[in-house]
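Here's the structure, in structure tokens; my notes come after.
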Amino acid sequence: MPGTDDVKLFSNDAVKLDAVYLYADLLGSTKLARNYRPETAGKVIRASLRTASKIIKSHGGEIRSYDGDRVMAIFIGKSKNSSAVKCALKIKYAMQHIVQPALFAKLPHLQTGGYEPRMCVGIASGDAFIARAGVRDSSDLVSIGRAPNIAAKLSDIREPGVFRTYITADVYKMLSEESKLSKGKDMWEAQPVLVGGEKMTIYRSSYWWKV
């Protein structure tokens with residue numbers, strides 16, 4: 001995985017990667033900011049991002065950016081698709097069974113106000129270019145390509161009910177059996193959607209993976 005010093009700033013330098021991109025986005029952040037004190041919103045966001053980040057790191061993901069209430073990570077290697085998916089399903093479990101009870105215990109007004117800390121995860125795979133953008137002494141690496149763009153848009157999906165994880169067909173096709181099946185049943189459901197003006201088939205899951 002290239003670091004900032006591996007890519008030149010003032011040039012056409014870029015590193016091409018065959019990678020899997022994961023975006024984990026906190027749901028209901030507008031309601032959180034509108035209905036609760038900044039201190040409360042800050043505690044929810046910090047707990048959510050810290051939890052997602054720990055799970056990402058434990059599965060070999062490289063965290064590349066934080067954007068408000070969202071974290072983006074890159075997975076490479078032979079098992080990158082399955083690793084990213086396991087990570088997403090564990091984030092769902094952790095948010096529901098660890099983060100939410102802990103926050104409700106410390107901040108009971110979250111529960112009485114009807115706010116449930118949850119994250120939506122989008123995952124896409126493919127070639128992307130890692131380039132360095134910014135100015136001297138204030139620059140960072142950015143990912144350019146279809147995979148990061150699609151993954152970000154999938155993490156923006158908001159459905160009522162239990163679906164929290166969305167992946168592209170390319171990711172689904174590369175999943176290991178344990179990342180695809182639960183007791184012989186497919187954990188993933190195909191769904192035609194419009195993503196950024198493009199019609200495509202994605203796969204969504206209501207399952208979680210215990211941490």
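Order determines the names: the first chain of the structure tokens is A, the second B, and so forth; residues in each chain are numbered 1 upward, and ligands are numbered 1 upward as they are shown.
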DSSP helix (DSSP H, G or I) residues within stretch 12-210 of chain A, as a PDB file with N, CA, C and O atoms, in the first residue's frame:
ATOM      1  N   SER A  29     -26.973  11.046  10.943  1.00  0.00           N
ATOM      2  CA  SER A  29     -26.119  12.077  11.535  1.00  0.00           C
ATOM      3  C   SER A  29     -26.761  13.464  11.489  1.00  0.00           C
ATOM      4  O   SER A  29     -26.492  14.311  12.350  1.00  0.00           O
ATOM      5  N   THR A  30     -27.616  13.709  10.504  1.00  0.00           N
ATOM      6  CA  THR A  30     -28.315  14.999  10.443  1.00  0.00           C
ATOM      7  C   THR A  30     -29.263  15.142  11.632  1.00  0.00           C
ATOM      8  O   THR A  30     -29.306  16.191  12.295  1.00  0.00           O
ATOM      9  N   LYS A  31     -30.022  14.083  11.912  1.00  0.00           N
ATOM     10  CA  LYS A  31     -30.906  14.074  13.080  1.00  0.00           C
ATOM     11  C   LYS A  31     -30.109  14.193  14.360  1.00  0.00           C
ATOM     12  O   LYS A  31     -30.506  14.903  15.304  1.00  0.00           O
ATOM     13  N   LEU A  32     -28.962  13.537  14.402  1.00  0.00           N
ATOM     14  CA  LEU A  32     -28.106  13.574  15.584  1.00  0.00           C
ATOM     15  C   LEU A  32     -27.645  15.006  15.865  1.00  0.00           C
ATOM     16  O   LEU A  32     -27.705  15.484  17.006  1.00  0.00           O
ATOM     17  N   ALA A  33     -27.191  15.687  14.817  1.00  0.00           N
ATOM     18  CA  ALA A  33     -26.700  17.055  14.986  1.00  0.00           C
ATOM     19  C   ALA A  33     -27.832  18.029  15.318  1.00  0.00           C
ATOM     20  O   ALA A  33     -27.631  19.001  16.052  1.00  0.00           O
ATOM     21  N   ARG A  34     -29.013  17.754  14.757  1.00  0.00           N
ATOM     22  CA  ARG A  34     -30.150  18.663  14.945  1.00  0.00           C
ATOM     23  C   ARG A  34     -30.792  18.524  16.320  1.00  0.00           C
ATOM     24  O   ARG A  34     -31.192  19.530  16.936  1.00  0.00           O
ATOM     25  N   ASN A  35     -30.890  17.303  16.816  1.00  0.00           N
ATOM     26  CA  ASN A  35     -31.684  17.050  18.016  1.00  0.00           C
ATOM     27  C   ASN A  35     -30.888  16.919  19.312  1.00  0.00           C
ATOM     28  O   ASN A  35     -31.482  16.863  20.394  1.00  0.00           O
ATOM     29  N   PRO A  38     -23.883  19.187  20.784  1.00  0.00           N
ATOM     30  CA  PRO A  38     -22.658  18.816  20.063  1.00  0.00           C
ATOM     31  C   PRO A  38     -21.806  17.793  20.819  1.00  0.00           C
ATOM     32  O   PRO A  38     -21.179  16.929  20.205  1.00  0.00           O
ATOM     33  N   GLU A  39     -21.794  17.891  22.156  1.00  0.00           N
ATOM     34  CA  GLU A  39     -21.015  16.937  22.945  1.00  0.00           C
ATOM     35  C   GLU A  39     -21.551  15.520  22.781  1.00  0.00           C
ATOM     36  O   GLU A  39     -20.786  14.553  22.696  1.00  0.00           O
ATOM     37  N   THR A  40     -22.885  15.410  22.739  1.00  0.00           N
ATOM     38  CA  THR A  40     -23.499  14.098  22.556  1.00  0.00           C
ATOM     39  C   THR A  40     -23.212  13.552  21.162  1.00  0.00           C
ATOM     40  O   THR A  40     -22.819  12.385  20.997  1.00  0.00           O
ATOM     41  N   ALA A  41     -23.389  14.398  20.147  1.00  0.00           N
ATOM     42  CA  ALA A  41     -23.110  13.976  18.772  1.00  0.00           C
ATOM     43  C   ALA A  41     -21.653  13.554  18.625  1.00  0.00           C
ATOM     44  O   ALA A  41     -21.342  12.550  17.962  1.00  0.00           O
ATOM     45  N   GLY A  42     -20.760  14.306  19.261  1.00  0.00           N
ATOM     46  CA  GLY A  42     -19.341  13.977  19.182  1.00  0.00           C
ATOM     47  C   GLY A  42     -19.029  12.619  19.784  1.00  0.00           C
ATOM     48  O   GLY A  42     -18.226  11.849  19.235  1.00  0.00           O
ATOM     49  N   LYS A  43     -19.659  12.285  20.904  1.00  0.00           N
ATOM     50  CA  LYS A  43     -19.426  10.993  21.540  1.00  0.00           C
ATOM     51  C   LYS A  43     -19.932   9.844  20.665  1.00  0.00           C
ATOM     52  O   LYS A  43     -19.289   8.795  20.567  1.00  0.00           O
ATOM     53  N   VAL A  44     -21.072  10.044  20.020  1.00  0.00           N
ATOM     54  CA  VAL A  44     -21.617   9.002  19.139  1.00  0.00           C
ATOM     55  C   VAL A  44     -20.698   8.787  17.940  1.00  0.00           C
ATOM     56  O   VAL A  44     -20.376   7.640  17.579  1.00  0.00           O
ATOM     57  N   ILE A  45     -20.270   9.878  17.320  1.00  0.00           N
ATOM     58  CA  ILE A  45     -19.409   9.776  16.136  1.00  0.00           C
ATOM     59  C   ILE A  45     -18.071   9.147  16.495  1.00  0.00           C
ATOM     60  O   ILE A  45     -17.573   8.257  15.777  1.00  0.00           O
ATOM     61  N   ARG A  46     -17.470   9.582  17.599  1.00  0.00           N
ATOM     62  CA  ARG A  46     -16.170   9.021  17.999  1.00  0.00           C
ATOM     63  C   ARG A  46     -16.271   7.530  18.290  1.00  0.00           C
ATOM     64  O   ARG A  46     -15.421   6.741  17.861  1.00  0.00           O
ATOM     65  N   ALA A  47     -17.316   7.132  19.023  1.00  0.00           N
ATOM     66  CA  ALA A  47     -17.473   5.712  19.358  1.00  0.00           C
ATOM     67  C   ALA A  47     -17.684   4.871  18.099  1.00  0.00           C
ATOM     68  O   ALA A  47     -17.128   3.769  17.965  1.00  0.00           O
ATOM     69  N   SER A  48     -18.472   5.391  17.171  1.00  0.00           N
ATOM     70  CA  SER A  48     -18.771   4.645  15.939  1.00  0.00           C
ATOM     71  C   SER A  48     -17.533   4.502  15.064  1.00  0.00           C
ATOM     72  O   SER A  48     -17.222   3.407  14.581  1.00  0.00           O
ATOM     73  N   LEU A  49     -16.823   5.605  14.850  1.00  0.00           N
ATOM     74  CA  LEU A  49     -15.632   5.563  13.997  1.00  0.00           C
ATOM     75  C   LEU A  49     -14.517   4.745  14.636  1.00  0.00           C
ATOM     76  O   LEU A  49     -13.795   4.023  13.942  1.00  0.00           O
ATOM     77  N   ARG A  50     -14.364   4.856  15.945  1.00  0.00           N
ATOM     78  CA  ARG A  50     -13.329   4.076  16.627  1.00  0.00           C
ATOM     79  C   ARG A  50     -13.610   2.583  16.494  1.00  0.00           C
ATOM     80  O   ARG A  50     -12.706   1.783  16.213  1.00  0.00           O
ATOM     81  N   THR A  51     -14.864   2.189  16.665  1.00  0.00           N
ATOM     82  CA  THR A  51     -15.239   0.781  16.554  1.00  0.00           C
ATOM     83  C   THR A  51     -15.019   0.261  15.143  1.00  0.00           C
ATOM     84  O   THR A  51     -14.410  -0.805  14.944  1.00  0.00           O
ATOM     85  N   ALA A  52     -15.505   1.004  14.154  1.00  0.00           N
ATOM     86  CA  ALA A  52     -15.325   0.580  12.760  1.00  0.00           C
ATOM     87  C   ALA A  52     -13.847   0.499  12.404  1.00  0.00           C
ATOM     88  O   ALA A  52     -13.413  -0.448  11.730  1.00  0.00           O
ATOM     89  N   SER A  53     -13.069   1.447  12.863  1.00  0.00           N
ATOM     90  CA  SER A  53     -11.640   1.483  12.531  1.00  0.00           C
ATOM     91  C   SER A  53     -10.895   0.301  13.126  1.00  0.00           C
ATOM     92  O   SER A  53     -10.017  -0.287  12.480  1.00  0.00           O
ATOM     93  N   LYS A  54     -11.220  -0.058  14.359  1.00  0.00           N
ATOM     94  CA  LYS A  54     -10.569  -1.209  14.989  1.00  0.00           C
ATOM     95  C   LYS A  54     -10.873  -2.495  14.226  1.00  0.00           C
ATOM     96  O   LYS A  54      -9.998  -3.341  14.032  1.00  0.00           O
ATOM     97  N   ILE A  55     -12.119  -2.636  13.796  1.00  0.00           N
ATOM     98  CA  ILE A  55     -12.497  -3.837  13.043  1.00  0.00           C
ATOM     99  C   ILE A  55     -11.804  -3.852  11.695  1.00  0.00           C
ATOM    100  O   ILE A  55     -11.300  -4.891  11.244  1.00  0.00           O
ATOM    101  N   ILE A  56     -11.749  -2.720  11.034  1.00  0.00           N
ATOM    102  CA  ILE A  56     -11.054  -2.618   9.742  1.00  0.00           C
ATOM    103  C   ILE A  56      -9.594  -3.031   9.879  1.00  0.00           C
ATOM    104  O   ILE A  56      -9.076  -3.836   9.097  1.00  0.00           O
ATOM    105  N   LYS A  57      -8.911  -2.482  10.878  1.00  0.00           N
ATOM    106  CA  LYS A  57      -7.495  -2.792  11.083  1.00  0.00           C
ATOM    107  C   LYS A  57      -7.287  -4.268  11.406  1.00  0.00           C
ATOM    108  O   LYS A  57      -6.313  -4.874  10.971  1.00  0.00           O
ATOM    109  N   SER A  58      -8.220  -4.862  12.156  1.00  0.00           N
ATOM    110  CA  SER A  58      -8.077  -6.271  12.538  1.00  0.00           C
ATOM    111  C   SER A  58      -8.200  -7.209  11.350  1.00  0.00           C
ATOM    112  O   SER A  58      -7.763  -8.364  11.422  1.00  0.00           O
ATOM    113  N   LYS A  80      -8.930 -10.063  -0.270  1.00  0.00           N
ATOM    114  CA  LYS A  80      -9.398  -8.699   0.009  1.00  0.00           C
ATOM    115  C   LYS A  80     -10.919  -8.564  -0.004  1.00  0.00           C
ATOM    116  O   LYS A  80     -11.486  -7.829   0.802  1.00  0.00           O
ATOM    117  N   ASN A  81     -11.604  -9.266  -0.903  1.00  0.00           N
ATOM    118  CA  ASN A  81     -13.064  -9.163  -0.971  1.00  0.00           C
ATOM    119  C   ASN A  81     -13.725  -9.747   0.272  1.00  0.00           C
ATOM    120  O   ASN A  81     -14.570  -9.103   0.901  1.00  0.00           O
ATOM    121  N   SER A  82     -13.317 -10.950   0.631  1.00  0.00           N
ATOM    122  CA  SER A  82     -13.897 -11.604   1.805  1.00  0.00           C
ATOM    123  C   SER A  82     -13.535 -10.865   3.090  1.00  0.00           C
ATOM    124  O   SER A  82     -14.362 -10.758   4.005  1.00  0.00           O
ATOM    125  N   SER A  83     -12.309 -10.342   3.170  1.00  0.00           N
ATOM    126  CA  SER A  83     -11.890  -9.613   4.366  1.00  0.00           C
ATOM    127  C   SER A  83     -12.739  -8.361   4.557  1.00  0.00           C
ATOM    128  O   SER A  83     -13.171  -8.048   5.670  1.00  0.00           O
ATOM    129  N   ALA A  84     -12.977  -7.646   3.467  1.00  0.00           N
ATOM    130  CA  ALA A  84     -13.782  -6.425   3.549  1.00  0.00           C
ATOM    131  C   ALA A  84     -15.220  -6.745   3.952  1.00  0.00           C
ATOM    132  O   ALA A  84     -15.826  -6.029   4.758  1.00  0.00           O
ATOM    133  N   VAL A  85     -15.772  -7.827   3.410  1.00  0.00           N
ATOM    134  CA  VAL A  85     -17.155  -8.203   3.718  1.00  0.00           C
ATOM    135  C   VAL A  85     -17.288  -8.653   5.171  1.00  0.00           C
ATOM    136  O   VAL A  85     -18.242  -8.266   5.870  1.00  0.00           O
ATOM    137  N   LYS A  86     -16.350  -9.464   5.655  1.00  0.00           N
ATOM    138  CA  LYS A  86     -16.389  -9.873   7.059  1.00  0.00           C
ATOM    139  C   LYS A  86     -16.331  -8.640   7.966  1.00  0.00           C
ATOM    140  O   LYS A  86     -17.028  -8.562   8.980  1.00  0.00           O
ATOM    141  N   CYS A  87     -15.491  -7.715   7.578  1.00  0.00           N
ATOM    142  CA  CYS A  87     -15.359  -6.471   8.321  1.00  0.00           C
ATOM    143  C   CYS A  87     -16.699  -5.733   8.385  1.00  0.00           C
ATOM    144  O   CYS A  87     -17.125  -5.277   9.454  1.00  0.00           O
ATOM    145  N   ALA A  88     -17.380  -5.621   7.261  1.00  0.00           N
ATOM    146  CA  ALA A  88     -18.661  -4.910   7.207  1.00  0.00           C
ATOM    147  C   ALA A  88     -19.710  -5.587   8.089  1.00  0.00           C
ATOM    148  O   ALA A  88     -20.449  -4.917   8.825  1.00  0.00           O
ATOM    149  N   LEU A  89     -19.785  -6.911   8.032  1.00  0.00           N
ATOM    150  CA  LEU A  89     -20.775  -7.633   8.828  1.00  0.00           C
ATOM    151  C   LEU A  89     -20.464  -7.532  10.322  1.00  0.00           C
ATOM    152  O   LEU A  89     -21.375  -7.508  11.160  1.00  0.00           O
ATOM    153  N   LYS A  90     -19.176  -7.444  10.663  1.00  0.00           N
ATOM    154  CA  LYS A  90     -18.798  -7.275  12.065  1.00  0.00           C
ATOM    155  C   LYS A  90     -19.096  -5.859  12.546  1.00  0.00           C
ATOM    156  O   LYS A  90     -19.431  -5.650  13.719  1.00  0.00           O
ATOM    157  N   ILE A  91     -18.974  -4.886  11.655  1.00  0.00           N
ATOM    158  CA  ILE A  91     -19.329  -3.512  12.028  1.00  0.00           C
ATOM    159  C   ILE A  91     -20.815  -3.450  12.374  1.00  0.00           C
ATOM    160  O   ILE A  91     -21.217  -2.807  13.346  1.00  0.00           O
ATOM    161  N   LYS A  92     -21.634  -4.136  11.582  1.00  0.00           N
ATOM    162  CA  LYS A  92     -23.069  -4.144  11.879  1.00  0.00           C
ATOM    163  C   LYS A  92     -23.338  -4.745  13.257  1.00  0.00           C
ATOM    164  O   LYS A  92     -24.101  -4.192  14.056  1.00  0.00           O
ATOM    165  N   TYR A  93     -22.697  -5.872  13.543  1.00  0.00           N
ATOM    166  CA  TYR A  93     -22.883  -6.516  14.849  1.00  0.00           C
ATOM    167  C   TYR A  93     -22.424  -5.593  15.975  1.00  0.00           C
ATOM    168  O   TYR A  93     -23.141  -5.402  16.969  1.00  0.00           O
ATOM    169  N   ALA A  94     -21.230  -5.033  15.826  1.00  0.00           N
ATOM    170  CA  ALA A  94     -20.660  -4.212  16.888  1.00  0.00           C
ATOM    171  C   ALA A  94     -21.505  -2.977  17.164  1.00  0.00           C
ATOM    172  O   ALA A  94     -21.701  -2.583  18.324  1.00  0.00           O
ATOM    173  N   MET A  95     -22.026  -2.356  16.109  1.00  0.00           N
ATOM    174  CA  MET A  95     -22.850  -1.162  16.311  1.00  0.00           C
ATOM    175  C   MET A  95     -24.125  -1.494  17.071  1.00  0.00           C
ATOM    176  O   MET A  95     -24.549  -0.741  17.954  1.00  0.00           O
ATOM    177  N   GLN A  96     -24.732  -2.633  16.757  1.00  0.00           N
ATOM    178  CA  GLN A  96     -26.009  -2.997  17.375  1.00  0.00           C
ATOM    179  C   GLN A  96     -25.846  -3.582  18.768  1.00  0.00           C
ATOM    180  O   GLN A  96     -26.653  -3.291  19.671  1.00  0.00           O
ATOM    181  N   HIS A  97     -24.797  -4.403  18.963  1.00  0.00           N
ATOM    182  CA  HIS A  97     -24.687  -5.164  20.200  1.00  0.00           C
ATOM    183  C   HIS A  97     -23.630  -4.639  21.176  1.00  0.00           C
ATOM    184  O   HIS A  97     -23.595  -5.094  22.331  1.00  0.00           O
ATOM    185  N   ILE A  98     -22.775  -3.737  20.737  1.00  0.00           N
ATOM    186  CA  ILE A  98     -21.732  -3.207  21.616  1.00  0.00           C
ATOM    187  C   ILE A  98     -21.848  -1.688  21.760  1.00  0.00           C
ATOM    188  O   ILE A  98     -22.008  -1.162  22.867  1.00  0.00           O
ATOM    189  N   VAL A  99     -21.795  -0.987  20.625  1.00  0.00           N
ATOM    190  CA  VAL A  99     -21.792   0.473  20.666  1.00  0.00           C
ATOM    191  C   VAL A  99     -23.126   1.022  21.171  1.00  0.00           C
ATOM    192  O   VAL A  99     -23.169   1.881  22.063  1.00  0.00           O
ATOM    193  N   GLN A 100     -24.215   0.534  20.605  1.00  0.00           N
ATOM    194  CA  GLN A 100     -25.533   1.063  20.976  1.00  0.00           C
ATOM    195  C   GLN A 100     -25.848   0.871  22.460  1.00  0.00           C
ATOM    196  O   GLN A 100     -26.221   1.840  23.139  1.00  0.00           O
ATOM    197  N   PRO A 101     -25.688  -0.334  23.028  1.00  0.00           N
ATOM    198  CA  PRO A 101     -25.955  -0.491  24.467  1.00  0.00           C
ATOM    199  C   PRO A 101     -25.057   0.392  25.338  1.00  0.00           C
ATOM    200  O   PRO A 101     -25.511   0.932  26.351  1.00  0.00           O
ATOM    201  N   ALA A 102     -23.782   0.514  24.946  1.00  0.00           N
ATOM    202  CA  ALA A 102     -22.855   1.329  25.731  1.00  0.00           C
ATOM    203  C   ALA A 102     -23.258   2.799  25.706  1.00  0.00           C
ATOM    204  O   ALA A 102     -23.242   3.481  26.737  1.00  0.00           O
ATOM    205  N   LEU A 103     -23.633   3.301  24.536  1.00  0.00           N
ATOM    206  CA  LEU A 103     -24.051   4.696  24.425  1.00  0.00           C
ATOM    207  C   LEU A 103     -25.377   4.946  25.136  1.00  0.00           C
ATOM    208  O   LEU A 103     -25.556   5.984  25.787  1.00  0.00           O
ATOM    209  N   PHE A 104     -26.305   4.012  25.030  1.00  0.00           N
ATOM    210  CA  PHE A 104     -27.586   4.170  25.717  1.00  0.00           C
ATOM    211  C   PHE A 104     -27.399   4.206  27.235  1.00  0.00           C
ATOM    212  O   PHE A 104     -28.132   4.903  27.945  1.00  0.00           O
ATOM    213  N   ALA A 105     -26.420   3.438  27.729  1.00  0.00           N
ATOM    214  CA  ALA A 105     -26.169   3.415  29.168  1.00  0.00           C
ATOM    215  C   ALA A 105     -25.591   4.746  29.644  1.00  0.00           C
ATOM    216  O   ALA A 105     -25.946   5.235  30.725  1.00  0.00           O
ATOM    217  N   LYS A 106     -24.700   5.331  28.846  1.00  0.00           N
ATOM    218  CA  LYS A 106     -24.057   6.588  29.230  1.00  0.00           C
ATOM    219  C   LYS A 106     -24.893   7.809  28.849  1.00  0.00           C
ATOM    220  O   LYS A 106     -24.828   8.848  29.506  1.00  0.00           O
ATOM    221  N   PRO A 108     -28.618   8.131  28.100  1.00  0.00           N
ATOM    222  CA  PRO A 108     -29.977   7.571  27.965  1.00  0.00           C
ATOM    223  C   PRO A 108     -30.920   8.445  27.143  1.00  0.00           C
ATOM    224  O   PRO A 108     -31.896   7.933  26.586  1.00  0.00           O
ATOM    225  N   HIS A 109     -30.619   9.738  27.008  1.00  0.00           N
ATOM    226  CA  HIS A 109     -31.487  10.597  26.205  1.00  0.00           C
ATOM    227  C   HIS A 109     -31.423  10.275  24.721  1.00  0.00           C
ATOM    228  O   HIS A 109     -32.306  10.660  23.967  1.00  0.00           O
ATOM    229  N   LEU A 110     -30.376   9.549  24.304  1.00  0.00           N
ATOM    230  CA  LEU A 110     -30.338   9.067  22.915  1.00  0.00           C
ATOM    231  C   LEU A 110     -31.489   8.096  22.668  1.00  0.00           C
ATOM    232  O   LEU A 110     -32.202   8.190  21.673  1.00  0.00           O
ATOM    233  N   GLN A 111     -31.650   7.151  23.595  1.00  0.00           N
ATOM    234  CA  GLN A 111     -32.694   6.133  23.444  1.00  0.00           C
ATOM    235  C   GLN A 111     -34.078   6.742  23.578  1.00  0.00           C
ATOM    236  O   GLN A 111     -34.981   6.434  22.778  1.00  0.00           O
ATOM    237  N   THR A 112     -34.269   7.609  24.568  1.00  0.00           N
ATOM    238  CA  THR A 112     -35.585   8.213  24.743  1.00  0.00           C
ATOM    239  C   THR A 112     -35.938   9.136  23.578  1.00  0.00           C
ATOM    240  O   THR A 112     -37.112   9.332  23.257  1.00  0.00           O
ATOM    241  N   ARG A 146     -13.407   4.134 -10.386  1.00  0.00           N
ATOM    242  CA  ARG A 146     -14.802   3.732 -10.239  1.00  0.00           C
ATOM    243  C   ARG A 146     -15.059   3.059  -8.892  1.00  0.00           C
ATOM    244  O   ARG A 146     -16.093   3.296  -8.261  1.00  0.00           O
ATOM    245  N   ALA A 147     -14.127   2.223  -8.432  1.00  0.00           N
ATOM    246  CA  ALA A 147     -14.346   1.466  -7.200  1.00  0.00           C
ATOM    247  C   ALA A 147     -14.580   2.363  -5.982  1.00  0.00           C
ATOM    248  O   ALA A 147     -15.577   2.181  -5.274  1.00  0.00           O
ATOM    249  N   PRO A 148     -13.705   3.321  -5.705  1.00  0.00           N
ATOM    250  CA  PRO A 148     -13.980   4.181  -4.543  1.00  0.00           C
ATOM    251  C   PRO A 148     -15.250   5.004  -4.697  1.00  0.00           C
ATOM    252  O   PRO A 148     -15.972   5.245  -3.731  1.00  0.00           O
ATOM    253  N   ASN A 149     -15.540   5.423  -5.925  1.00  0.00           N
ATOM    254  CA  ASN A 149     -16.742   6.212  -6.172  1.00  0.00           C
ATOM    255  C   ASN A 149     -18.005   5.402  -5.900  1.00  0.00           C
ATOM    256  O   ASN A 149     -18.943   5.879  -5.242  1.00  0.00           O
ATOM    257  N   ILE A 150     -18.045   4.168  -6.391  1.00  0.00           N
ATOM    258  CA  ILE A 150     -19.221   3.308  -6.200  1.00  0.00           C
ATOM    259  C   ILE A 150     -19.374   2.928  -4.727  1.00  0.00           C
ATOM    260  O   ILE A 150     -20.479   2.937  -4.170  1.00  0.00           O
ATOM    261  N   ALA A 151     -18.270   2.589  -4.074  1.00  0.00           N
ATOM    262  CA  ALA A 151     -18.335   2.202  -2.664  1.00  0.00           C
ATOM    263  C   ALA A 151     -18.909   3.332  -1.817  1.00  0.00           C
ATOM    264  O   ALA A 151     -19.734   3.104  -0.927  1.00  0.00           O
ATOM    265  N   ALA A 152     -18.494   4.559  -2.108  1.00  0.00           N
ATOM    266  CA  ALA A 152     -19.007   5.708  -1.366  1.00  0.00           C
ATOM    267  C   ALA A 152     -20.510   5.866  -1.574  1.00  0.00           C
ATOM    268  O   ALA A 152     -21.254   6.137  -0.623  1.00  0.00           O
ATOM    269  N   LYS A 153     -20.961   5.690  -2.799  1.00  0.00           N
ATOM    270  CA  LYS A 153     -22.390   5.833  -3.094  1.00  0.00           C
ATOM    271  C   LYS A 153     -23.210   4.714  -2.456  1.00  0.00           C
ATOM    272  O   LYS A 153     -24.341   4.936  -2.008  1.00  0.00           O
ATOM    273  N   LEU A 154     -22.657   3.502  -2.387  1.00  0.00           N
ATOM    274  CA  LEU A 154     -23.377   2.402  -1.748  1.00  0.00           C
ATOM    275  C   LEU A 154     -23.538   2.650  -0.253  1.00  0.00           C
ATOM    276  O   LEU A 154     -24.551   2.265   0.346  1.00  0.00           O
ATOM    277  N   ALA A 169     -21.467  -6.604  -7.607  1.00  0.00           N
ATOM    278  CA  ALA A 169     -21.472  -7.979  -8.111  1.00  0.00           C
ATOM    279  C   ALA A 169     -20.054  -8.524  -8.219  1.00  0.00           C
ATOM    280  O   ALA A 169     -19.815  -9.719  -7.996  1.00  0.00           O
ATOM    281  N   ASP A 170     -19.092  -7.677  -8.561  1.00  0.00           N
ATOM    282  CA  ASP A 170     -17.696  -8.114  -8.664  1.00  0.00           C
ATOM    283  C   ASP A 170     -17.168  -8.587  -7.314  1.00  0.00           C
ATOM    284  O   ASP A 170     -16.395  -9.548  -7.242  1.00  0.00           O
ATOM    285  N   VAL A 171     -17.556  -7.907  -6.245  1.00  0.00           N
ATOM    286  CA  VAL A 171     -17.142  -8.334  -4.907  1.00  0.00           C
ATOM    287  C   VAL A 171     -17.825  -9.651  -4.554  1.00  0.00           C
ATOM    288  O   VAL A 171     -17.183 -10.592  -4.067  1.00  0.00           O
ATOM    289  N   TYR A 172     -19.115  -9.737  -4.827  1.00  0.00           N
ATOM    290  CA  TYR A 172     -19.875 -10.944  -4.504  1.00  0.00           C
ATOM    291  C   TYR A 172     -19.273 -12.185  -5.178  1.00  0.00           C
ATOM    292  O   TYR A 172     -19.158 -13.243  -4.553  1.00  0.00           O
ATOM    293  N   LYS A 173     -18.886 -12.050  -6.424  1.00  0.00           N
ATOM    294  CA  LYS A 173     -18.354 -13.199  -7.177  1.00  0.00           C
ATOM    295  C   LYS A 173     -17.045 -13.729  -6.598  1.00  0.00           C
ATOM    296  O   LYS A 173     -16.693 -14.892  -6.814  1.00  0.00           O
ATOM    297  N   GLU A 177     -16.718 -19.051   0.570  1.00  0.00           N
ATOM    298  CA  GLU A 177     -17.999 -19.665   0.943  1.00  0.00           C
ATOM    299  C   GLU A 177     -18.476 -19.175   2.305  1.00  0.00           C
ATOM    300  O   GLU A 177     -19.670 -18.910   2.495  1.00  0.00           O
ATOM    301  N   GLU A 178     -17.558 -19.021   3.271  1.00  0.00           N
ATOM    302  CA  GLU A 178     -17.981 -18.595   4.603  1.00  0.00           C
ATOM    303  C   GLU A 178     -18.437 -17.136   4.633  1.00  0.00           C
ATOM    304  O   GLU A 178     -19.189 -16.738   5.516  1.00  0.00           O
ATOM    305  N   SER A 179     -17.998 -16.356   3.643  1.00  0.00           N
ATOM    306  CA  SER A 179     -18.433 -14.960   3.560  1.00  0.00           C
ATOM    307  C   SER A 179     -19.726 -14.814   2.767  1.00  0.00           C
ATOM    308  O   SER A 179     -20.331 -13.747   2.765  1.00  0.00           O
ATOM    309  N   LYS A 180     -20.116 -15.901   2.091  1.00  0.00           N
ATOM    310  CA  LYS A 180     -21.301 -15.864   1.244  1.00  0.00           C
ATOM    311  C   LYS A 180     -22.476 -16.629   1.845  1.00  0.00           C
ATOM    312  O   LYS A 180     -23.633 -16.217   1.674  1.00  0.00           O
TER     313      LYS A 180
END
- Message: Quick one: residues within 6 Å of A:Thr165, only C-alpha atoms, excluding same-chain residues fewer than 6 positions away - as an NGL selection string?
- Response: :A and (121 or 204-205)
- Item | Exercise: stretch 125-128 of chain A partners within 6 Å, only C-alpha atoms, chain neighbours under 2 positions left out, as a ChimeraX atom specification | /A:16-20,144-145,147
- Task: Please provide the set of residues having any atom within 8 Å of A:Thr201, restricted to only C-alpha atoms, with same-chain residues fewer than 4 positions apart removed, written as an MDAnalysis selection string.
- Result: chainID A and resid 168:169 190:193
Preceding selection exported with N, CA and C atoms as a CSV table (one decimal), in the first residue's frame:
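Below you can see again.csv, which holds the result:
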chain,number,residue,atom,x,y,z
A,168,THR,N,-20.8,-4.7,-4.6
A,168,THR,CA,-21.0,-4.9,-6.0
A,168,THR,C,-21.0,-6.3,-6.4
A,169,ALA,N,-21.5,-6.6,-7.6
A,169,ALA,CA,-21.5,-8.0,-8.1
A,169,ALA,C,-20.1,-8.5,-8.2
A,190,ALA,N,-29.6,-10.2,-4.4
A,190,ALA,CA,-29.4,-9.4,-5.5
A,190,ALA,C,-30.5,-8.3,-5.7
A,191,GLN,N,-30.1,-7.1,-6.1
A,191,GLN,CA,-31.0,-6.0,-6.2
A,191,GLN,C,-30.6,-5.1,-7.3
A,192,PRO,N,-31.4,-4.8,-8.3
A,192,PRO,CA,-31.1,-3.8,-9.4
A,192,PRO,C,-31.3,-2.4,-8.8
A,193,VAL,N,-30.3,-1.6,-9.0
A,193,VAL,CA,-30.3,-0.2,-8.4
A,193,VAL,C,-29.7,0.8,-9.5
- Task: May I have all residues of stretch 88-160 of chain A that DSSP, computed from the backbone, assigns to strand (DSSP E), given as a PyMOL selection string?
- Result: chain A and resi 119-135+138-144
- What is the atom CA of A:Asp156 to atom CA of A:Val15 distance in Å?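 Atom-to-atom, atom CA of A:Asp156 and atom CA of A:Val15 are spaced 27.1 Å apart.
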- Would you kindly return, as a ChimeraX atom specification, each protein, DNA or RNA residue with an atom no farther than 10 Å from any atom of A:Leu27, considering only C-alpha atoms and excluding same-chain residues fewer than 2 positions away? /A:24-25,29-32,69-70,115-120,155-158,164
